[in-house]
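Student: This is data.pdb (PDB, C-alpha atoms).
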MODEL        1
ATOM      1  CA  MET L   3    -183.960-119.860  35.394
ATOM      2  CA  PRO L   4    -187.649-119.861  36.223
ATOM      3  CA  GLN L   5    -188.944-116.433  37.167
ATOM      4  CA  ASP L   6    -189.369-117.387  40.843
ATOM      5  CA  TYR L   7    -185.799-118.702  41.299
ATOM      6  CA  TYR L   8    -184.424-115.213  41.876
ATOM      7  CA  THR L   9    -186.946-112.501  42.739
ATOM      8  CA  LYS L  10    -185.787-109.005  43.719
ATOM      9  CA  THR L  11    -189.097-108.068  45.361
ATOM     10  CA  LEU L  12    -188.829-110.716  48.066
ATOM     11  CA  ILE L  13    -186.985-110.248  51.320
ATOM     12  CA  SER L  14    -184.166-112.692  51.972
ATOM     13  CA  SER L  15    -186.085-115.321  53.948
ATOM     14  CA  GLN L  16    -188.952-115.295  51.454
ATOM     15  CA  TRP L  17    -186.457-115.620  48.611
ATOM     16  CA  ASP L  18    -184.902-118.635  50.303
ATOM     17  CA  VAL L  19    -188.292-120.317  50.645
ATOM     18  CA  VAL L  20    -189.254-119.674  47.011
ATOM     19  CA  CYS L  21    -185.866-120.832  45.770
ATOM     20  CA  VAL L  22    -186.011-124.024  47.836
ATOM     21  CA  TRP L  23    -189.572-124.757  46.635
ATOM     22  CA  MET L  24    -188.519-124.369  43.021
ATOM     23  CA  LEU L  25    -185.407-126.477  43.526
ATOM     24  CA  GLN L  26    -187.407-129.194  45.271
ATOM     25  CA  ALA L  27    -189.992-129.143  42.507
ATOM     26  CA  ASP L  28    -187.184-129.446  39.962
ATOM     27  CA  GLN L  29    -185.820-132.468  41.818
ATOM     28  CA  CYS L  30    -189.223-134.128  41.493
ATOM     29  CA  VAL L  31    -189.323-133.256  37.793
ATOM     30  CA  LEU L  32    -185.834-134.721  37.355
ATOM     31  CA  LYS L  33    -186.969-137.970  38.986
ATOM     32  CA  ASP L  34    -189.943-138.074  36.597
ATOM     33  CA  PHE L  35    -187.641-137.626  33.611
ATOM     34  CA  MET L  36    -185.232-140.247  34.949
ATOM     35  CA  ALA L  37    -188.079-142.762  35.137
ATOM     36  CA  GLU L  38    -188.909-142.018  31.482
ATOM     37  CA  LYS L  39    -185.480-141.513  29.921
ATOM     38  CA  ILE L  40    -183.293-143.896  31.961
ATOM     39  CA  PRO L  41    -185.785-146.308  33.559
ATOM     40  CA  ARG L  42    -183.300-149.059  34.470
ATOM     41  CA  LEU L  43    -181.215-146.631  36.482
ATOM     42  CA  ALA L  44    -184.268-145.041  38.096
ATOM     43  CA  ALA L  45    -185.466-148.513  39.130
ATOM     44  CA  HIS L  46    -181.986-149.333  40.465
ATOM     45  CA  PHE L  47    -182.028-146.196  42.615
ATOM     46  CA  GLU L  48    -185.539-147.029  43.805
ATOM     47  CA  GLU L  49    -184.549-150.613  44.632
ATOM     48  CA  HIS L  50    -181.633-149.410  46.762
ATOM     49  CA  SER L  51    -183.527-146.449  48.311
ATOM     50  CA  VAL L  52    -181.168-143.915  46.757
ATOM     51  CA  ASP L  53    -182.506-140.362  46.677
ATOM     52  CA  VAL L  54    -180.614-138.715  43.820
ATOM     53  CA  SER L  55    -181.743-135.270  44.930
ATOM     54  CA  LEU L  56    -179.110-135.504  47.673
ATOM     55  CA  ILE L  57    -176.597-135.271  44.831
ATOM     56  CA  THR L  58    -178.446-133.301  42.162
ATOM     57  CA  PHE L  59    -179.861-130.521  44.368
ATOM     58  CA  ASN L  60    -176.449-128.846  44.355
ATOM     59  CA  TRP L  61    -176.110-129.320  40.586
ATOM     60  CA  PHE L  62    -179.267-127.291  40.082
ATOM     61  CA  LEU L  63    -178.442-124.702  42.725
ATOM     62  CA  VAL L  64    -175.031-123.770  41.302
ATOM     63  CA  VAL L  65    -175.422-125.058  37.722
ATOM     64  CA  PHE L  66    -172.768-127.792  38.122
ATOM     65  CA  VAL L  67    -170.020-125.409  39.329
ATOM     66  CA  GLU L  68    -168.344-127.845  41.713
ATOM     67  CA  SER L  69    -169.329-131.014  39.895
ATOM     68  CA  LEU L  70    -167.833-130.979  36.420
ATOM     69  CA  PRO L  71    -164.335-130.542  35.020
ATOM     70  CA  SER L  72    -163.935-126.921  33.896
ATOM     71  CA  ASP L  73    -163.758-127.608  30.138
ATOM     72  CA  ILE L  74    -167.074-129.491  30.288
ATOM     73  CA  LEU L  75    -168.576-126.981  32.710
ATOM     74  CA  LEU L  76    -167.991-124.172  30.216
ATOM     75  CA  ARG L  77    -169.852-126.136  27.526
ATOM     76  CA  VAL L  78    -172.763-126.675  29.920
ATOM     77  CA  TRP L  79    -172.878-122.985  30.827
ATOM     78  CA  ASP L  80    -172.728-121.992  27.180
ATOM     79  CA  ALA L  81    -175.740-124.178  26.418
ATOM     80  CA  PHE L  82    -177.486-123.029  29.611
ATOM     81  CA  LEU L  83    -177.102-119.357  28.703
ATOM     82  CA  TYR L  84    -178.394-120.042  25.208
ATOM     83  CA  GLU L  85    -181.236-122.482  25.918
ATOM     84  CA  GLY L  86    -182.171-121.912  29.562
ATOM     85  CA  THR L  87    -183.184-124.126  32.444
ATOM     86  CA  LYS L  88    -183.907-127.292  30.533
ATOM     87  CA  VAL L  89    -180.178-127.621  29.852
ATOM     88  CA  ILE L  90    -179.659-128.397  33.531
ATOM     89  CA  PHE L  91    -182.127-131.269  33.231
ATOM     90  CA  ARG L  92    -180.559-132.464  29.981
ATOM     91  CA  TYR L  93    -177.069-132.575  31.460
ATOM     92  CA  ALA L  94    -178.171-134.064  34.777
ATOM     93  CA  LEU L  95    -179.832-136.906  32.870
ATOM     94  CA  ALA L  96    -176.858-137.175  30.509
ATOM     95  CA  LEU L  97    -174.441-137.528  33.430
ATOM     96  CA  PHE L  98    -176.443-140.445  34.788
ATOM     97  CA  LYS L  99    -176.796-141.985  31.326
ATOM     98  CA  TYR L 100    -173.047-141.593  30.689
ATOM     99  CA  LYS L 101    -172.211-143.658  33.788
ATOM    100  CA  GLU L 102    -175.364-145.804  33.876
ATOM    101  CA  GLU L 103    -173.625-149.152  33.368
ATOM    102  CA  ASP L 104    -171.064-148.403  36.092
ATOM    103  CA  ILE L 105    -173.774-147.380  38.550
ATOM    104  CA  LEU L 106    -175.888-150.466  37.784
ATOM    105  CA  LYS L 107    -172.958-152.670  38.877
ATOM    106  CA  ILE L 108    -173.096-151.241  42.411
ATOM    107  CA  HIS L 109    -175.595-153.002  44.692
ATOM    108  CA  ASP L 110    -175.043-151.313  48.045
ATOM    109  CA  SER L 111    -176.789-147.999  48.717
ATOM    110  CA  GLY L 112    -173.848-146.617  50.693
ATOM    111  CA  GLU L 113    -171.468-147.425  47.856
ATOM    112  CA  ILE L 114    -173.885-145.918  45.325
ATOM    113  CA  TYR L 115    -174.000-142.658  47.288
ATOM    114  CA  GLN L 116    -170.217-142.666  47.589
ATOM    115  CA  TYR L 117    -169.873-143.163  43.835
ATOM    116  CA  LEU L 118    -172.453-140.473  43.025
ATOM    117  CA  ARG L 119    -170.686-137.872  45.145
ATOM    118  CA  PHE L 120    -167.750-137.695  42.737
ATOM    119  CA  PHE L 121    -168.666-139.472  39.501
ATOM    120  CA  ALA L 122    -169.386-136.293  37.529
ATOM    121  CA  LYS L 123    -165.763-135.183  38.017
ATOM    122  CA  THR L 124    -164.626-138.370  36.246
ATOM    123  CA  ILE L 125    -166.406-137.467  32.992
ATOM    124  CA  SER L 126    -163.690-136.842  30.437
ATOM    125  CA  ASP L 127    -165.451-136.832  27.072
ATOM    126  CA  GLY L 128    -167.406-133.582  26.862
ATOM    127  CA  ARG L 129    -168.466-134.275  23.289
ATOM    128  CA  LYS L 130    -169.991-137.635  24.269
ATOM    129  CA  LEU L 131    -171.792-136.027  27.233
ATOM    130  CA  THR L 132    -173.181-133.255  25.027
ATOM    131  CA  ASN L 133    -174.293-135.803  22.434
ATOM    132  CA  ILE L 134    -176.165-137.752  25.129
ATOM    133  CA  ALA L 135    -177.722-134.531  26.479
ATOM    134  CA  PHE L 136    -178.945-133.268  23.131
ATOM    135  CA  SER L 137    -179.584-136.490  21.166
ATOM    136  CA  ASP L 138    -180.365-139.336  23.538
ATOM    137  CA  MET L 139    -182.532-137.195  25.830
ATOM    138  CA  ASN L 140    -184.796-135.929  23.015
ATOM    139  CA  PRO L 141    -187.592-134.998  22.808
ATOM    140  CA  PHE L 142    -187.381-132.516  25.647
ATOM    141  CA  PRO L 143    -190.127-129.890  25.293
ATOM    142  CA  MET L 144    -189.954-126.877  27.604
ATOM    143  CA  LYS L 145    -193.743-126.889  27.912
ATOM    144  CA  LEU L 146    -193.627-130.375  29.487
ATOM    145  CA  LEU L 147    -190.942-129.238  31.903
ATOM    146  CA  ARG L 148    -192.971-126.146  32.912
ATOM    147  CA  ASN L 149    -196.140-128.200  33.390
ATOM    148  CA  ARG L 150    -194.389-130.767  35.569
ATOM    149  CA  ARG L 151    -192.661-128.087  37.584
ATOM    150  CA  ALA L 152    -196.015-126.380  38.221
ATOM    151  CA  LEU L 153    -197.620-129.710  39.204
ATOM    152  CA  HIS L 154    -194.873-130.585  41.683
ATOM    153  CA  LEU L 155    -194.678-127.038  43.016
ATOM    154  CA  GLU L 156    -198.420-127.099  43.697
ATOM    155  CA  ARG L 157    -198.092-130.457  45.470
ATOM    156  CA  LEU L 158    -195.161-129.222  47.584
ATOM    157  CA  GLN L 159    -197.034-126.059  48.527
ATOM    158  CA  GLY L 160    -200.029-128.195  49.537
ATOM    159  CA  GLU L 161    -197.761-130.311  51.731
ATOM    160  CA  LEU L 162    -196.339-127.143  53.267
ATOM    161  CA  ARG L 163    -199.826-125.799  54.009
ATOM    162  CA  GLU L 164    -200.703-129.116  55.647
ATOM    163  CA  LEU L 165    -197.547-129.003  57.781
ATOM    164  CA  GLU L 166    -198.275-125.414  58.786
ATOM    165  CA  ALA L 167    -201.808-126.429  59.822
ATOM    166  CA  GLN L 168    -200.376-129.285  61.908
ATOM    167  CA  GLN L 169    -197.909-126.878  63.476
ATOM    168  CA  ARG L 170    -200.679-124.405  64.395
ATOM    169  CA  GLU L 171    -202.719-127.266  65.878
ATOM    170  CA  PHE L 172    -199.708-128.428  67.899
ATOM    171  CA  VAL L 173    -199.015-124.919  69.199
ATOM    172  CA  THR L 174    -202.677-124.488  70.172
ATOM    173  CA  GLU L 175    -202.757-127.871  71.952
ATOM    174  CA  SER L 176    -199.454-127.101  73.701
ATOM    175  CA  ALA L 177    -200.790-123.772  74.912
ATOM    176  CA  GLN L 178    -203.973-125.449  76.165
ATOM    177  CA  ARG L 179    -201.928-128.109  77.994
ATOM    178  CA  LYS L 180    -199.741-125.416  79.516
ATOM    179  CA  ASP L 181    -202.838-123.535  80.702
ATOM    180  CA  LEU L 182    -204.250-126.771  82.146
ATOM    181  CA  ASP L 183    -200.911-127.543  83.838
ATOM    182  CA  THR L 184    -200.855-124.037  85.301
ATOM    183  CA  ILE L 185    -204.364-124.509  86.686
ATOM    184  CA  LEU L 186    -203.465-127.916  88.132
ATOM    185  CA  VAL L 187    -200.255-126.581  89.689
ATOM    186  CA  SER L 188    -202.208-123.674  91.202
ATOM    187  CA  GLU L 189    -204.726-126.112  92.709
ATOM    188  CA  ASP L 190    -201.867-128.259  94.082
ATOM    189  CA  ASP L 191    -200.275-125.167  95.612
ATOM    190  CA  GLU L 192    -203.590-124.250  97.252
ATOM    191  CA  GLU L 193    -203.843-127.777  98.725
ATOM    192  CA  LEU L 194    -200.253-127.553 100.037
ATOM    193  CA  TYR L 195    -200.928-124.193 101.673
ATOM    194  CA  SER L 196    -204.175-125.438 103.236
ATOM    195  CA  ILE L 197    -202.416-128.539 104.666
ATOM    196  CA  SER L 198    -199.653-126.474 106.259
TER     197      SER L 198
ENDMDL
END
Represent the supplied structure as structure tokens.
Tutor:
Amino acid sequence: MPQDYYTKTLISSQWDVVCVWMLQADQCVLKDFMAEKIPRLAAHFEEHSVDVSLITFNWFLVVFVESLPSDILLRVWDAFLYEGTKVIFRYALALFKYKEEDILKIHDSGEIYQYLRFFAKTISDGRKLTNIAFSDMNPFPMKLLRNRRALHLERLQGELRELEAQQREFVTESAQRKDLDTILVSEDDEELYSIS
């Protein structure tokens, strides 16, 4: 996994944030690769407003543990331990490619999501899946993956900084409104006391 996926020097909450950033960046990278390697399916998902990261986030988090039949899962892990992170991308793309024609037949976003929730468990030919992952998805340079991950991670961190700035501005404005409300309430109380 990338160095920042699991860092011992970070406290738990910081680790969670770093891990989520990396996973989100990887989801963006996966979408980029889908647009290049399986463009018809990527366009189909786009047309039906299907966010595949709702399905694939868990694949990346637990390296397909709950998604694949055990005999295929062991092949994926074997390749993952040998080749590293890019295997997750290869197999994620291969899973979609394997079932591409079936998915393209579905034209309702709800039905697409329903199908995607369980389709990986229906894969029965591990050899075919591996062939797609390592032949059809080539070339797959690690340098390209690292560069895209860094690009998306930088963008996500910029978005986070912008959200934090908006949050600080909101808190400041809320505090100022509260102070103004307190002043106005105090003036109203003074008027009430002077009337009585």
Student: Selection in question (the file shown): the PyMOL selection byres ((chain L and resi 25) around 10). Which residues does it include, as a ChimeraX atom specification?
Tutor: /L:7,19-24,26-31,55,58-60,62-63,151,155
Student: Could you pull the residues within 10 Å of Phe120 of chain L, counting only C-alpha atoms, minus those fewer than 6 positions along the same chain, as a PyMOL selection string?
Tutor: chain L and resi 57+68-70
Student: Expanded to explicit residues, what is the PyMOL selection byres ((chain L and resi 109-114) around 9) for this file, as a PDB file with C-alpha atoms, keeping the file's coordinate frame?
Tutor:
ATOM      1  CA  HIS L  46    -181.986-149.333  40.465  1.00  0.00           C
ATOM      2  CA  PHE L  47    -182.028-146.196  42.615  1.00  0.00           C
ATOM      3  CA  HIS L  50    -181.633-149.410  46.762  1.00  0.00           C
ATOM      4  CA  SER L  51    -183.527-146.449  48.311  1.00  0.00           C
ATOM      5  CA  VAL L  52    -181.168-143.915  46.757  1.00  0.00           C
ATOM      6  CA  ILE L 105    -173.774-147.380  38.550  1.00  0.00           C
ATOM      7  CA  LEU L 106    -175.888-150.466  37.784  1.00  0.00           C
ATOM      8  CA  LYS L 107    -172.958-152.670  38.877  1.00  0.00           C
ATOM      9  CA  ILE L 108    -173.096-151.241  42.411  1.00  0.00           C
ATOM     10  CA  TYR L 115    -174.000-142.658  47.288  1.00  0.00           C
ATOM     11  CA  GLN L 116    -170.217-142.666  47.589  1.00  0.00           C
ATOM     12  CA  TYR L 117    -169.873-143.163  43.835  1.00  0.00           C
ATOM     13  CA  LEU L 118    -172.453-140.473  43.025  1.00  0.00           C
ATOM     14  CA  ARG L 119    -170.686-137.872  45.145  1.00  0.00           C
TER      15      ARG L 119
END
Student: Quick one: of L:Asp127, L:Leu56, L:His154, L:Pro143, who's nearest to Glu85 of chain L, counting only C-alpha atoms?
Tutor: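 Closest candidate: L:Pro143.
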Student: Here is a test: counting only C-alpha atoms, which residue of L:Pro71, L:Gly160, L:Pro141, L:Pro41 is nearest to Gly128 of chain L?
Tutor: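 Among the listed residues, the smallest separation from Gly128 of chain L belongs to L:Pro71.
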Student: Considering only C-alpha atoms, can you say which of L:Val65, L:Ser72, L:Arg129, L:Lys123 comes closest to Ala94 of chain L?
Tutor: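 With only C-alpha atoms as the atom set, the closest residue is L:Val65.
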Student: Looking at only C-alpha atoms, which of L:Gly86, L:Phe142, L:Glu156, L:Leu76 is the one that sits closest to Glu38 of chain L?
Tutor: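 Distance minimum relative to Glu38 of chain L lands on L:Phe142.
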Student: Can you measure atom CA of Arg179 of chain L to atom CA of Leu165 of chain L for me? One decimal in Å is fine.
Tutor: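 Going from atom CA of Arg179 of chain L over to atom CA of Leu165 of chain L, I get 20.7 Å.
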Student: If the PyMOL selection byres ((chain L and resi 77) around 12) is run on the structure shown, which residues does it catch, given as a PDB file with C-alpha atoms, keeping the file's coordinate frame?
Tutor:
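Everything below was put into part-v6.pdb:
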ATOM      1  CA  VAL L  65    -175.422-125.058  37.722  1.00  0.00           C
ATOM      2  CA  PHE L  66    -172.768-127.792  38.122  1.00  0.00           C
ATOM      3  CA  VAL L  67    -170.020-125.409  39.329  1.00  0.00           C
ATOM      4  CA  LEU L  70    -167.833-130.979  36.420  1.00  0.00           C
ATOM      5  CA  PRO L  71    -164.335-130.542  35.020  1.00  0.00           C
ATOM      6  CA  SER L  72    -163.935-126.921  33.896  1.00  0.00           C
ATOM      7  CA  ASP L  73    -163.758-127.608  30.138  1.00  0.00           C
ATOM      8  CA  ILE L  74    -167.074-129.491  30.288  1.00  0.00           C
ATOM      9  CA  LEU L  75    -168.576-126.981  32.710  1.00  0.00           C
ATOM     10  CA  LEU L  76    -167.991-124.172  30.216  1.00  0.00           C
ATOM     11  CA  VAL L  78    -172.763-126.675  29.920  1.00  0.00           C
ATOM     12  CA  TRP L  79    -172.878-122.985  30.827  1.00  0.00           C
ATOM     13  CA  ASP L  80    -172.728-121.992  27.180  1.00  0.00           C
ATOM     14  CA  ALA L  81    -175.740-124.178  26.418  1.00  0.00           C
ATOM     15  CA  PHE L  82    -177.486-123.029  29.611  1.00  0.00           C
ATOM     16  CA  LEU L  83    -177.102-119.357  28.703  1.00  0.00           C
ATOM     17  CA  TYR L  84    -178.394-120.042  25.208  1.00  0.00           C
ATOM     18  CA  VAL L  89    -180.178-127.621  29.852  1.00  0.00           C
ATOM     19  CA  ILE L  90    -179.659-128.397  33.531  1.00  0.00           C
ATOM     20  CA  TYR L  93    -177.069-132.575  31.460  1.00  0.00           C
ATOM     21  CA  ASP L 127    -165.451-136.832  27.072  1.00  0.00           C
ATOM     22  CA  GLY L 128    -167.406-133.582  26.862  1.00  0.00           C
ATOM     23  CA  ARG L 129    -168.466-134.275  23.289  1.00  0.00           C
ATOM     24  CA  LYS L 130    -169.991-137.635  24.269  1.00  0.00           C
ATOM     25  CA  LEU L 131    -171.792-136.027  27.233  1.00  0.00           C
ATOM     26  CA  THR L 132    -173.181-133.255  25.027  1.00  0.00           C
ATOM     27  CA  ASN L 133    -174.293-135.803  22.434  1.00  0.00           C
ATOM     28  CA  ALA L 135    -177.722-134.531  26.479  1.00  0.00           C
TER      29      ALA L 135
END
Student: For segment 39-50 of chain L, what centre and edge lengths in Å (one decimal) does the axis-aligned box get once 4 Å is added on each side of all its listed atoms, as AutoDock Vina command-line options?
Tutor:
--center_x -183.5 --center_y -146.1 --center_z 38.3 --size_x 12.6 --size_y 17.1 --size_z 24.8
Student: Between atom CA of Met36 of chain L and atom CA of Leu162 of chain L, what is the distance in Å, rounded to a tenth?
Tutor: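 For atom CA of Met36 of chain L relative to atom CA of Leu162 of chain L, the distance reads 25.1 Å.
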Student: Could you tell me which of L:Leu158, L:Ile134, L:Leu97, L:Val173 comes closest to Trp61 of chain L if we count all atoms listed in the file?
Tutor: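 Under the stated criterion, the closest residue is L:Leu97.
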Student: For atom CA of Ile40 of chain L and atom CA of Arg157 of chain L, quote the distance in Å rounded to one decimal.
Tutor: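 Atom CA of Arg157 of chain L lies at a distance of 24.1 Å from atom CA of Ile40 of chain L.
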